[in-house]
file upload-v1.tsv (TSV, C-alpha atoms)
chain	number	residue	atom	x	y	z
A	1	MET	CA	0.00	0.00	0.00
A	2	ASN	CA	1.17	3.55	-0.72
A	3	ILE	CA	1.04	5.66	2.43
A	4	GLY	CA	1.59	9.40	2.52
A	5	HIS	CA	2.28	11.24	5.77
A	6	ILE	CA	1.22	14.89	6.00
A	7	ALA	CA	3.54	16.44	8.59
A	8	THR	CA	5.04	19.91	8.49
A	9	GLU	CA	8.19	18.69	10.27
A	10	TYR	CA	9.81	15.26	10.10
A	11	LYS	CA	13.47	15.55	9.15
A	12	PRO	CA	15.60	16.64	10.89
A	13	ILE	CA	14.13	14.89	13.94
A	14	THR	CA	14.11	17.37	16.82
A	15	GLY	CA	11.05	16.54	18.93
A	16	GLY	CA	8.40	14.06	19.98
A	17	ALA	CA	6.11	14.35	16.95
A	18	GLN	CA	9.00	13.69	14.55
A	19	THR	CA	10.14	10.73	16.65
A	20	TYR	CA	6.59	9.38	16.54
A	21	LEU	CA	6.56	9.61	12.74
A	22	ALA	CA	9.97	7.94	12.49
A	23	ASN	CA	8.73	5.01	14.59
A	24	LEU	CA	5.53	4.77	12.57
A	25	TYR	CA	7.51	4.88	9.34
A	26	GLU	CA	9.62	1.93	10.48
A	27	ILE	CA	6.56	-0.11	11.44
A	28	PHE	CA	4.94	0.32	8.03
A	29	LYS	CA	8.25	-0.17	6.25
A	30	GLY	CA	8.54	-3.52	8.00
A	31	GLU	CA	5.10	-4.43	6.67
A	32	GLY	CA	6.20	-3.67	3.09
A	33	HIS	CA	4.30	-0.39	2.61
A	34	ASP	CA	5.72	2.32	0.35
A	35	GLN	CA	5.78	5.71	2.08
A	36	ARG	CA	6.40	9.40	1.52
A	37	VAL	CA	6.35	12.35	3.91
A	38	TYR	CA	4.98	15.72	2.82
A	39	GLN	CA	6.83	18.30	4.92
A	40	PHE	CA	8.33	21.77	4.89
A	41	ASN	CA	11.57	22.27	3.00
A	42	ASP	CA	14.03	22.35	5.91
A	43	ASN	CA	17.12	21.75	3.77
A	44	VAL	CA	16.95	17.98	4.11
A	45	HIS	CA	16.87	16.23	0.75
A	46	ASP	CA	15.74	12.64	0.86
A	47	PRO	CA	13.83	10.56	-1.73
A	48	GLU	CA	11.15	9.76	0.84
A	49	LEU	CA	10.30	13.48	1.25
A	50	GLU	CA	7.93	15.67	-0.76
A	51	LEU	CA	8.93	19.24	0.12
A	52	VAL	CA	6.67	22.26	0.59
A	53	PRO	CA	8.33	25.72	0.86
A	54	HIS	CA	7.98	27.84	3.98
A	55	ALA	CA	6.13	31.13	3.82
A	56	PRO	CA	8.37	33.91	2.45
A	57	LYS	CA	10.12	35.82	5.23
A	58	VAL	CA	8.69	39.10	3.91
A	59	PHE	CA	5.39	37.99	5.43
A	60	ASN	CA	5.57	38.79	9.13
A	61	GLY	CA	3.31	36.14	10.58
A	62	GLY	CA	5.62	33.75	12.39
A	63	ARG	CA	4.86	30.08	12.81
A	64	ALA	CA	1.07	30.56	12.74
A	65	LEU	CA	1.23	32.00	9.22
A	66	ASP	CA	3.70	29.29	8.17
A	67	LEU	CA	1.23	26.53	9.12
A	68	TRP	CA	-1.55	28.20	7.14
A	69	TRP	CA	0.91	28.58	4.25
A	70	PHE	CA	1.55	24.84	4.31
A	71	ASN	CA	-2.20	24.21	3.95
A	72	PHE	CA	-2.39	26.74	1.12
A	73	LEU	CA	0.41	25.08	-0.90
A	74	LEU	CA	-0.38	21.44	-0.13
A	75	PRO	CA	-2.88	21.17	-3.04
A	76	LEU	CA	0.07	21.74	-5.39
A	77	LYS	CA	1.07	18.18	-4.48
A	78	PHE	CA	-2.29	16.87	-5.73
A	79	LYS	CA	-0.78	14.60	-8.39
A	80	SER	CA	1.43	12.83	-5.86
A	81	LEU	CA	-1.21	12.81	-3.12
A	82	SER	CA	-3.78	11.24	-5.44
A	83	LYS	CA	-1.47	8.25	-5.93
A	84	GLU	CA	-1.39	7.46	-2.22
A	85	ASP	CA	-3.78	4.72	-1.10
A	86	THR	CA	-3.95	6.22	2.38
A	87	LEU	CA	-2.91	9.53	3.87
A	88	ILE	CA	-1.99	9.90	7.53
A	89	CYS	CA	-2.49	13.53	8.45
A	90	HIS	CA	-0.45	14.51	11.49
A	91	TYR	CA	-2.72	17.10	13.18
A	92	ALA	CA	-6.30	17.74	12.09
A	93	PHE	CA	-5.47	21.32	11.08
A	94	HIS	CA	-3.72	20.04	7.94
A	95	SER	CA	-6.62	17.79	6.93
A	96	LEU	CA	-8.64	20.65	5.43
A	97	PRO	CA	-6.87	20.57	2.01
A	98	LEU	CA	-7.44	16.79	1.92
A	99	PHE	CA	-11.25	16.99	1.98
A	100	TRP	CA	-11.42	15.23	-1.40
A	101	LYS	CA	-9.47	12.15	-0.29
A	102	LYS	CA	-11.39	9.08	0.89
A	103	ASN	CA	-8.85	7.19	2.99
A	104	VAL	CA	-7.45	9.74	5.42
A	105	ILE	CA	-6.38	8.88	8.96
A	106	VAL	CA	-6.30	12.02	11.06
A	107	LEU	CA	-3.66	11.72	13.76
A	108	SER	CA	-3.64	13.89	16.87
A	109	HIS	CA	-0.42	14.35	18.85
A	110	GLY	CA	-2.41	16.41	21.36
A	111	CYS	CA	-4.64	19.47	21.02
A	112	GLU	CA	-3.25	22.08	18.65
A	113	TRP	CA	-4.79	24.94	20.58
A	114	ASP	CA	-4.72	26.44	24.06
A	115	ILE	CA	-7.66	25.59	26.31
A	116	PRO	CA	-9.44	27.96	26.27
A	117	ALA	CA	-8.39	29.23	22.85
A	118	THR	CA	-6.50	32.52	23.05
A	119	SER	CA	-6.53	33.67	19.42
A	120	LEU	CA	-8.62	33.61	16.26
A	121	SER	CA	-6.16	31.14	14.70
A	122	GLN	CA	-6.66	28.72	17.59
A	123	LYS	CA	-10.44	29.04	17.39
A	124	LEU	CA	-10.26	28.20	13.69
A	125	LYS	CA	-8.13	25.15	14.51
A	126	ILE	CA	-10.87	23.94	16.86
A	127	LYS	CA	-13.48	24.40	14.13
A	128	ILE	CA	-11.32	22.46	11.66
A	129	ALA	CA	-10.79	19.66	14.21
A	130	GLN	CA	-14.54	19.44	14.77
A	131	TRP	CA	-15.19	19.36	11.02
A	132	SER	CA	-12.44	16.78	10.51
A	133	PHE	CA	-13.86	14.54	13.25
A	134	LYS	CA	-17.18	14.39	11.40
A	135	HIS	CA	-15.87	14.39	7.82
A	136	PHE	CA	-13.21	11.67	8.00
A	137	LYS	CA	-13.96	8.14	9.14
A	138	TYR	CA	-10.59	7.44	10.74
A	139	LEU	CA	-8.88	9.11	13.68
A	140	VAL	CA	-6.04	8.10	15.97
A	141	ALA	CA	-5.60	10.25	19.08
A	142	ASN	CA	-2.72	9.69	21.47
A	143	ASP	CA	-4.62	11.01	24.49
A	144	THR	CA	-8.16	11.00	25.81
A	145	ASN	CA	-8.25	14.77	26.27
A	146	TYR	CA	-8.54	15.21	22.50
A	147	PHE	CA	-11.72	13.14	22.51
A	148	ARG	CA	-13.11	15.10	25.46
A	149	GLN	CA	-12.46	18.39	23.66
A	150	LEU	CA	-14.58	17.04	20.77
A	151	GLY	CA	-17.46	16.09	23.05
A	152	VAL	CA	-16.74	12.39	23.67
A	153	ASP	CA	-17.34	11.12	27.21
A	154	ILE	CA	-14.13	9.30	28.10
A	155	LYS	CA	-11.93	9.35	31.20
A	156	PRO	CA	-8.10	9.46	31.31
A	157	LYS	CA	-6.46	6.07	30.59
A	158	GLU	CA	-9.82	4.63	29.51
A	159	ARG	CA	-10.05	2.32	26.45
A	160	MET	CA	-6.34	2.29	25.68
A	161	PHE	CA	-5.56	0.75	22.25
A	162	GLU	CA	-9.28	0.47	21.48
A	163	GLU	CA	-11.86	2.04	19.19
A	164	VAL	CA	-13.59	4.74	21.21
A	165	LEU	CA	-16.09	5.19	18.37
A	166	PRO	CA	-16.20	3.37	15.00
A	167	GLY	CA	-12.98	4.22	13.22
A	168	LYS	CA	-11.82	6.50	16.06
A	169	TRP	CA	-8.95	5.02	18.07
A	170	TYR	CA	-7.16	5.93	21.28
A	171	ILE	CA	-3.57	4.75	20.94
A	172	PRO	CA	-1.29	6.40	23.53
A	173	ASN	CA	2.33	7.12	22.80
A	174	CYS	CA	4.59	4.22	23.66
A	175	VAL	CA	8.32	3.67	24.02
A	176	ASP	CA	10.88	1.16	22.86
A	177	THR	CA	11.93	-0.28	26.20
A	178	SER	CA	14.91	-2.04	24.64
A	179	VAL	CA	16.36	1.40	23.81
A	180	PHE	CA	15.10	3.41	26.76
A	181	THR	CA	16.33	1.35	29.67
A	182	ASN	CA	19.13	1.33	32.23
A	183	VAL	CA	22.26	2.28	30.25
A	184	ASP	CA	25.54	4.04	30.96
A	185	PRO	CA	24.80	7.62	32.04
A	186	ALA	CA	25.93	10.64	30.07
A	187	THR	CA	29.08	12.06	31.62
A	188	ASP	CA	28.60	15.77	30.91
A	189	PHE	CA	25.77	16.42	33.37
A	190	PRO	CA	26.17	17.97	36.81
A	191	GLU	CA	25.83	15.68	39.80
A	192	HIS	CA	22.26	15.63	41.20
A	193	SER	CA	20.71	16.90	37.94
A	194	ILE	CA	16.97	17.43	37.53
A	195	VAL	CA	16.26	17.34	33.79
A	196	VAL	CA	13.53	19.21	31.88
A	197	PRO	CA	13.43	17.56	28.42
A	198	ARG	CA	11.42	20.27	26.67
A	199	ASN	CA	11.91	22.56	23.73
A	200	ILE	CA	11.83	26.15	24.95
A	201	SER	CA	8.39	27.72	24.72
A	202	HIS	CA	5.77	29.17	27.03
A	203	ALA	CA	3.36	26.29	26.35
A	204	ARG	CA	6.02	23.80	27.47
A	205	GLY	CA	6.24	25.56	30.83
A	206	ILE	CA	9.98	26.13	31.17
A	207	HIS	CA	9.29	29.16	33.36
A	208	LEU	CA	7.06	27.06	35.60
A	209	SER	CA	9.87	24.56	36.16
A	210	ILE	CA	12.25	27.38	37.15
A	211	GLU	CA	9.76	28.87	39.59
A	212	ALA	CA	9.09	25.46	41.14
A	213	PHE	CA	12.80	24.64	41.24
A	214	ALA	CA	13.45	27.80	43.26
A	215	GLN	CA	11.35	26.29	46.06
A	216	PHE	CA	12.68	22.76	45.52
A	217	LYS	CA	16.31	23.90	45.75
A	218	GLU	CA	15.73	25.35	49.21
A	219	LYS	CA	15.34	21.77	50.45
A	220	PHE	CA	17.86	20.20	48.08
A	221	PRO	CA	20.58	22.83	47.54
A	222	GLU	CA	22.94	20.35	45.85
A	223	THR	CA	20.66	19.96	42.79
A	224	THR	CA	20.89	21.57	39.34
A	225	LEU	CA	18.03	22.10	36.89
A	226	VAL	CA	19.08	21.14	33.36
A	227	VAL	CA	16.85	22.12	30.41
A	228	VAL	CA	17.39	19.92	27.34
A	229	GLY	CA	15.73	21.39	24.26
A	230	GLY	CA	16.07	24.02	21.59
A	231	GLY	CA	14.02	26.83	20.14
A	232	GLY	CA	12.51	29.72	22.03
A	233	ASP	CA	12.09	33.35	21.02
A	234	GLU	CA	14.34	36.00	22.52
A	235	GLN	CA	11.56	37.61	24.54
A	236	TYR	CA	10.75	34.34	26.31
A	237	LYS	CA	14.43	33.57	26.87
A	238	ASP	CA	14.87	37.02	28.44
A	239	TYR	CA	11.94	36.24	30.73
A	240	LEU	CA	13.53	32.95	31.78
A	241	ASN	CA	16.80	34.74	32.56
A	242	SER	CA	14.93	37.30	34.63
A	243	LEU	CA	13.39	34.48	36.69
A	244	ILE	CA	16.81	32.93	37.23
A	245	GLN	CA	18.13	36.24	38.50
A	246	LYS	CA	15.05	36.90	40.62
A	247	HIS	CA	15.44	33.58	42.44
A	248	ASN	CA	19.25	33.75	42.65
A	249	LEU	CA	19.61	30.61	40.52
A	250	GLU	CA	22.59	31.72	38.43
A	251	GLY	CA	24.64	28.60	37.74
A	252	ALA	CA	21.91	26.36	39.16
A	253	VAL	CA	19.85	26.36	35.94
A	254	VAL	CA	21.66	25.08	32.85
A	255	PHE	CA	20.41	25.21	29.24
A	256	LYS	CA	21.95	22.31	27.32
A	257	GLY	CA	20.22	22.91	24.00
A	258	SER	CA	18.97	20.08	21.82
A	259	ILE	CA	20.53	16.66	22.28
A	260	PRO	CA	20.12	13.93	19.61
A	261	TRP	CA	17.32	11.51	20.39
A	262	ALA	CA	19.72	8.53	20.28
A	263	LEU	CA	21.67	10.01	23.21
A	264	MET	CA	18.65	10.64	25.43
A	265	PRO	CA	18.74	7.26	27.27
A	266	GLY	CA	22.13	8.30	28.66
A	267	VAL	CA	20.69	11.69	29.64
A	268	TYR	CA	17.84	10.20	31.67
A	269	ASN	CA	20.20	7.76	33.35
A	270	ALA	CA	22.50	10.64	34.32
A	271	CYS	CA	19.71	12.54	36.09
A	272	GLU	CA	17.96	11.93	39.39
A	273	MET	CA	14.52	13.16	38.33
A	274	THR	CA	12.70	14.37	35.23
A	275	VAL	CA	10.19	17.24	35.18
A	276	VAL	CA	7.66	17.78	32.38
A	277	PRO	CA	6.05	21.15	33.28
A	278	THR	CA	3.71	21.55	30.29
A	279	LEU	CA	0.94	24.14	30.33
A	280	GLN	CA	-0.74	23.51	26.97
A	281	ARG	CA	-0.77	21.41	23.76
A	282	GLU	CA	0.52	18.14	25.13
A	283	GLY	CA	-0.48	14.59	24.32
A	284	THR	CA	0.97	11.53	26.02
A	285	SER	CA	4.50	12.92	26.25
A	286	LEU	CA	7.18	10.72	24.72
A	287	SER	CA	9.80	12.44	26.87
A	288	ALA	CA	7.96	11.47	30.04
A	289	LEU	CA	7.53	7.88	28.87
A	290	GLU	CA	11.16	7.57	27.79
A	291	SER	CA	12.33	8.90	31.13
A	292	MET	CA	10.16	6.48	33.09
A	293	ALA	CA	11.27	3.57	30.90
A	294	CYS	CA	14.87	4.44	31.84
A	295	GLY	CA	14.00	4.17	35.51
A	296	THR	CA	14.16	7.89	36.28
A	297	ALA	CA	11.45	9.22	38.60
A	298	THR	CA	9.26	11.54	36.52
A	299	VAL	CA	7.06	14.44	37.59
A	300	SER	CA	4.64	16.29	35.33
A	301	THR	CA	1.73	18.65	35.43
A	302	ASN	CA	-1.70	17.14	34.86
A	303	ALA	CA	-2.24	19.20	31.71
A	304	GLN	CA	-4.25	17.64	28.91
A	305	GLY	CA	-2.77	14.33	27.68
A	306	LEU	CA	-0.36	14.07	30.60
A	307	ALA	CA	-3.31	12.91	32.71
A	308	ASP	CA	-3.14	9.62	30.76
A	309	LEU	CA	0.37	8.83	32.04
A	310	PRO	CA	1.72	7.30	35.28
A	311	THR	CA	3.83	10.37	36.11
A	312	ALA	CA	3.67	11.94	39.58
A	313	GLN	CA	1.31	14.81	38.73
A	314	SER	CA	0.70	18.34	39.95
A	315	ASP	CA	-1.69	21.14	39.19
A	316	ILE	CA	-0.38	23.82	36.85
A	317	THR	CA	1.06	26.09	39.53
A	318	ALA	CA	4.63	26.57	40.69
A	319	ASP	CA	3.68	25.85	44.30
A	320	ASP	CA	2.02	22.54	43.53
A	321	LEU	CA	4.71	21.48	41.07
A	322	ALA	CA	7.34	22.21	43.74
A	323	ARG	CA	5.35	20.16	46.27
A	324	VAL	CA	5.17	17.13	43.98
A	325	MET	CA	8.83	17.47	43.02
A	326	ILE	CA	9.82	17.46	46.71
A	327	GLU	CA	7.58	14.49	47.53
A	328	THR	CA	8.84	12.51	44.55
A	329	TYR	CA	12.50	13.28	45.11
A	330	THR	CA	12.38	12.06	48.69
A	331	SER	CA	11.20	8.63	47.49
A	332	LYS	CA	12.61	8.73	43.96
A	333	ASP	CA	13.90	5.14	43.90
A	334	SER	CA	10.55	3.54	44.69
A	335	VAL	CA	8.68	5.96	42.42
A	336	ALA	CA	11.09	5.23	39.58
A	337	LEU	CA	10.67	1.48	39.93
A	338	SER	CA	6.87	1.67	39.98
A	339	GLN	CA	6.75	3.98	36.96
A	340	GLN	CA	9.23	1.87	35.01
A	341	GLN	CA	7.18	-1.27	35.57
A	342	GLU	CA	3.95	0.40	34.44
A	343	VAL	CA	5.51	1.86	31.30
A	344	ARG	CA	7.08	-1.46	30.36
A	345	THR	CA	3.73	-3.20	30.83
A	346	ASN	CA	1.23	-0.71	29.39
A	347	TYR	CA	3.18	1.72	27.19
A	348	ASN	CA	5.63	-0.48	25.31
A	349	ILE	CA	6.23	-0.13	21.59
A	350	ASN	CA	4.83	-3.59	20.76
A	351	LYS	CA	1.37	-2.60	21.98
A	352	TRP	CA	1.61	0.60	19.96
A	353	LYS	CA	2.62	-1.35	16.87
A	354	GLU	CA	-0.26	-3.81	17.28
A	355	GLY	CA	-2.71	-0.93	17.66
A	356	TRP	CA	-1.54	0.83	14.51
A	357	LEU	CA	-1.55	-2.36	12.45
A	358	LYS	CA	-5.19	-2.86	13.45
A	359	VAL	CA	-5.98	0.64	12.21
A	360	ILE	CA	-4.21	0.14	8.88
A	361	SER	CA	-5.90	-3.25	8.46
A	362	GLN	CA	-9.27	-1.60	9.01
A	363	VAL	CA	-8.51	0.99	6.34
A	364	GLN	CA	-7.32	-1.64	3.85
A	365	ILE	CA	-10.42	-3.78	4.30
A	366	ARG	CA	-12.77	-0.91	3.53

call {"tool": "encode", "arguments": {"input": "upload-v1.tsv", "output": "structure tokens"}}
result
Amino acid sequence: MNIGHIATEYKPITGGAQTYLANLYEIFKGEGHDQRVYQFNDNVHDPELELVPHAPKVFNGGRALDLWWFNFLLPLKFKSLSKEDTLICHYAFHSLPLFWKKNVIVLSHGCEWDIPATSLSQKLKIKIAQWSFKHFKYLVANDTNYFRQLGVDIKPKERMFEEVLPGKWYIPNCVDTSVFTNVDPATDFPEHSIVVPRNISHARGIHLSIEAFAQFKEKFPETTLVVVGGGGDEQYKDYLNSLIQKHNLEGAVVFKGSIPWALMPGVYNACEMTVVPTLQREGTSLSALESMACGTATVSTNAQGLADLPTAQSDITADDLARVMIETYTSKDSVALSQQQEVRTNYNINKWKEGWLKVISQVQIR
């Protein structure tokens, strides 16, 4: 079968959604399917890629405009798209130009909008997601929150790897526990590191982790907060630096930048605890799952798809995140063992593979 993936970013792989696609690509490749990925032109030339140009820089609209631009230009790939037996559309927002295609699987990596929506663009994304949910037969969501936002009555962790409605599947993110396991730790991390494996943005809550760490460090002064991730606009970075100065954390908060995915098992094994402080737009975080699979105690907020995971969870406030971090750190060995066992049992890559093969089989039979 010819499968086309609609994803604005795939290569180079720099985050969870790209890692997800890479894993999915390997699964279908192993089943003999021919695949292409329709993505932005990010100066990676590969025969498996169909490239769409970014919006011209003369248009001052940032990433929001760029995503609309991708939708605007995607129909130019009609000839190639029409040859695909099935399209997997990563994020409902990009399904609008595919209205004419019969076999489309809409894939949600988490809600694409803040809750509540804070801009016209986000409100339009909700409308498109609602339309997509009704228009296309097939959907795979990696968290239950996405279903709840579309009016489906489902609780966190309910109906994992099952059809929630005909053609609509809940398949949480999962992890390769043969890769993410107890390995030799990375050697370039401070002793007693607390890692935040997040790209730098407001929605990912880097500021929240710094504010919580200020309280946490009062009890555990030997610890260092290490942020592993790239991106971030200058205004937000300036804000983070102002928080570091405000709380006298100079030297105690380290920004490592992006680290290749293949090296992340060593990172988790080098750290004593992982914090995932997300505020918005999160599914079942691969970073959190990978950390837990490595046997590193993992704390997160309870935002959106994170509620589906076995992390130690807090409300989205610095005070509550600090409280959960302190509680978890004091019993980190037992927490880590319990989380590792649950991830290996319920969130392993084999279950994820089986779930996706059921979806593809359902599409082929139609």

call {"tool": "residues_around", "arguments": {"input": "upload-v1.tsv", "residues": "region 111-125 of chain A", "least_positions_apart": "4", "cutoff": "10 Å", "atoms": "all atoms listed in the file", "output": "ChimeraX atom specification"}}
result
/A:64-65,68,91-94,129-131,141-143,145-147,149,203,279-283,303-305

call {"tool": "atom_distance", "arguments": {"input": "upload-v1.tsv", "atom1": "CA of Ala288 (chain A)", "atom2": "CA of Val276 (chain A)"}}
result
6.7 Å

call {"tool": "residues_around", "arguments": {"input": "upload-v1.tsv", "residues": "Phe40 (chain A)", "least_positions_apart": "5", "cutoff": "10 Å", "atoms": "only C-alpha atoms", "output": "list in words"}}
result
Ile6, Ala7, Thr8, Glu9, Tyr10, Lys11, Leu49, Glu50, Leu51, Val52, Pro53, His54, Ala55, Asp66, Leu67 and Phe70 of chain A

call {"tool": "write_last_selection", "arguments": {"input": "upload-v1.tsv", "atoms": "C-alpha atoms", "output": "short mmCIF file (atom, residue, chain, number, x, y, z; two decimals), keeping the file's coordinate frame"}}
result
data_model
loop_
_atom_site.label_atom_id
_atom_site.label_comp_id
_atom_site.auth_asym_id
_atom_site.auth_seq_id
_atom_site.Cartn_x
_atom_site.Cartn_y
_atom_site.Cartn_z
CA ILE A 6 1.22 14.89 6.00
CA ALA A 7 3.54 16.44 8.59
CA THR A 8 5.04 19.91 8.49
CA GLU A 9 8.19 18.69 10.27
CA TYR A 10 9.81 15.26 10.10
CA LYS A 11 13.47 15.55 9.15
CA LEU A 49 10.30 13.48 1.25
CA GLU A 50 7.93 15.67 -0.76
CA LEU A 51 8.93 19.24 0.12
CA VAL A 52 6.67 22.26 0.59
CA PRO A 53 8.33 25.72 0.86
CA HIS A 54 7.98 27.84 3.98
CA ALA A 55 6.13 31.13 3.82
CA ASP A 66 3.70 29.29 8.17
CA LEU A 67 1.23 26.53 9.12
CA PHE A 70 1.55 24.84 4.31
#

call {"tool": "closest_residue", "arguments": {"input": "upload-v1.tsv", "among": "A:Leu240, A:Lys29, A:Met325, A:Asp176", "to": "Gln215 (chain A)", "atoms": "all atoms listed in the file"}}
result
A:Met325

call {"tool": "closest_residue", "arguments": {"input": "upload-v1.tsv", "among": "A:Arg323, A:His109, A:Lys134, A:His207", "to": "Gln18 (chain A)", "atoms": "all atoms listed in the file"}}
result
A:His109

call {"tool": "atom_distance", "arguments": {"input": "upload-v1.tsv", "atom1": "CA of Ala293 (chain A)", "atom2": "CA of Ile105 (chain A)"}}
result
28.7 Å

call {"tool": "closest_residue", "arguments": {"input": "upload-v1.tsv", "among": "A:Glu272, A:Asp34, A:Asp308, A:Glu250", "to": "Tyr170 (chain A)", "atoms": "only C-alpha atoms"}}
result
A:Asp308

call {"tool": "atom_distance", "arguments": {"input": "upload-v1.tsv", "atom1": "CA of Val179 (chain A)", "atom2": "CA of Lys157 (chain A)"}}
result
24.3 Å

call {"tool": "closest_residue", "arguments": {"input": "upload-v1.tsv", "among": "A:Val195, A:Ile316, A:Ile200, A:Ile244", "to": "Tyr268 (chain A)", "atoms": "all atoms listed in the file"}}
result
A:Val195

call {"tool": "closest_residue", "arguments": {"input": "upload-v1.tsv", "among": "A:Leu73, A:Ala252, A:Val363, A:Met292", "to": "Lys102 (chain A)", "atoms": "all atoms listed in the file"}}
result
A:Val363

call {"tool": "closest_residue", "arguments": {"input": "upload-v1.tsv", "among": "A:Asn71, A:Gln341, A:Asn199, A:Ser287", "to": "Gln39 (chain A)", "atoms": "all atoms listed in the file"}}
result
A:Asn71

call {"tool": "residues_around", "arguments": {"input": "upload-v1.tsv", "residues": "region 297-301 of chain A", "least_positions_apart": "2", "cutoff": "8 Å", "atoms": "all atoms listed in the file", "output": "number ranges by chain"}}
result
A: 272-279, 288, 291-292, 295, 303, 306, 311-316, 321, 324-325, 328-329, 332-333, 335-337, 339

call {"tool": "residues_around", "arguments": {"input": "upload-v1.tsv", "residues": "region 350-357 of chain A", "least_positions_apart": "6", "cutoff": "7 Å", "atoms": "only C-alpha atoms", "output": "list in words"}}
result
Ile27, Phe161, Ile171 and Cys174 of chain A
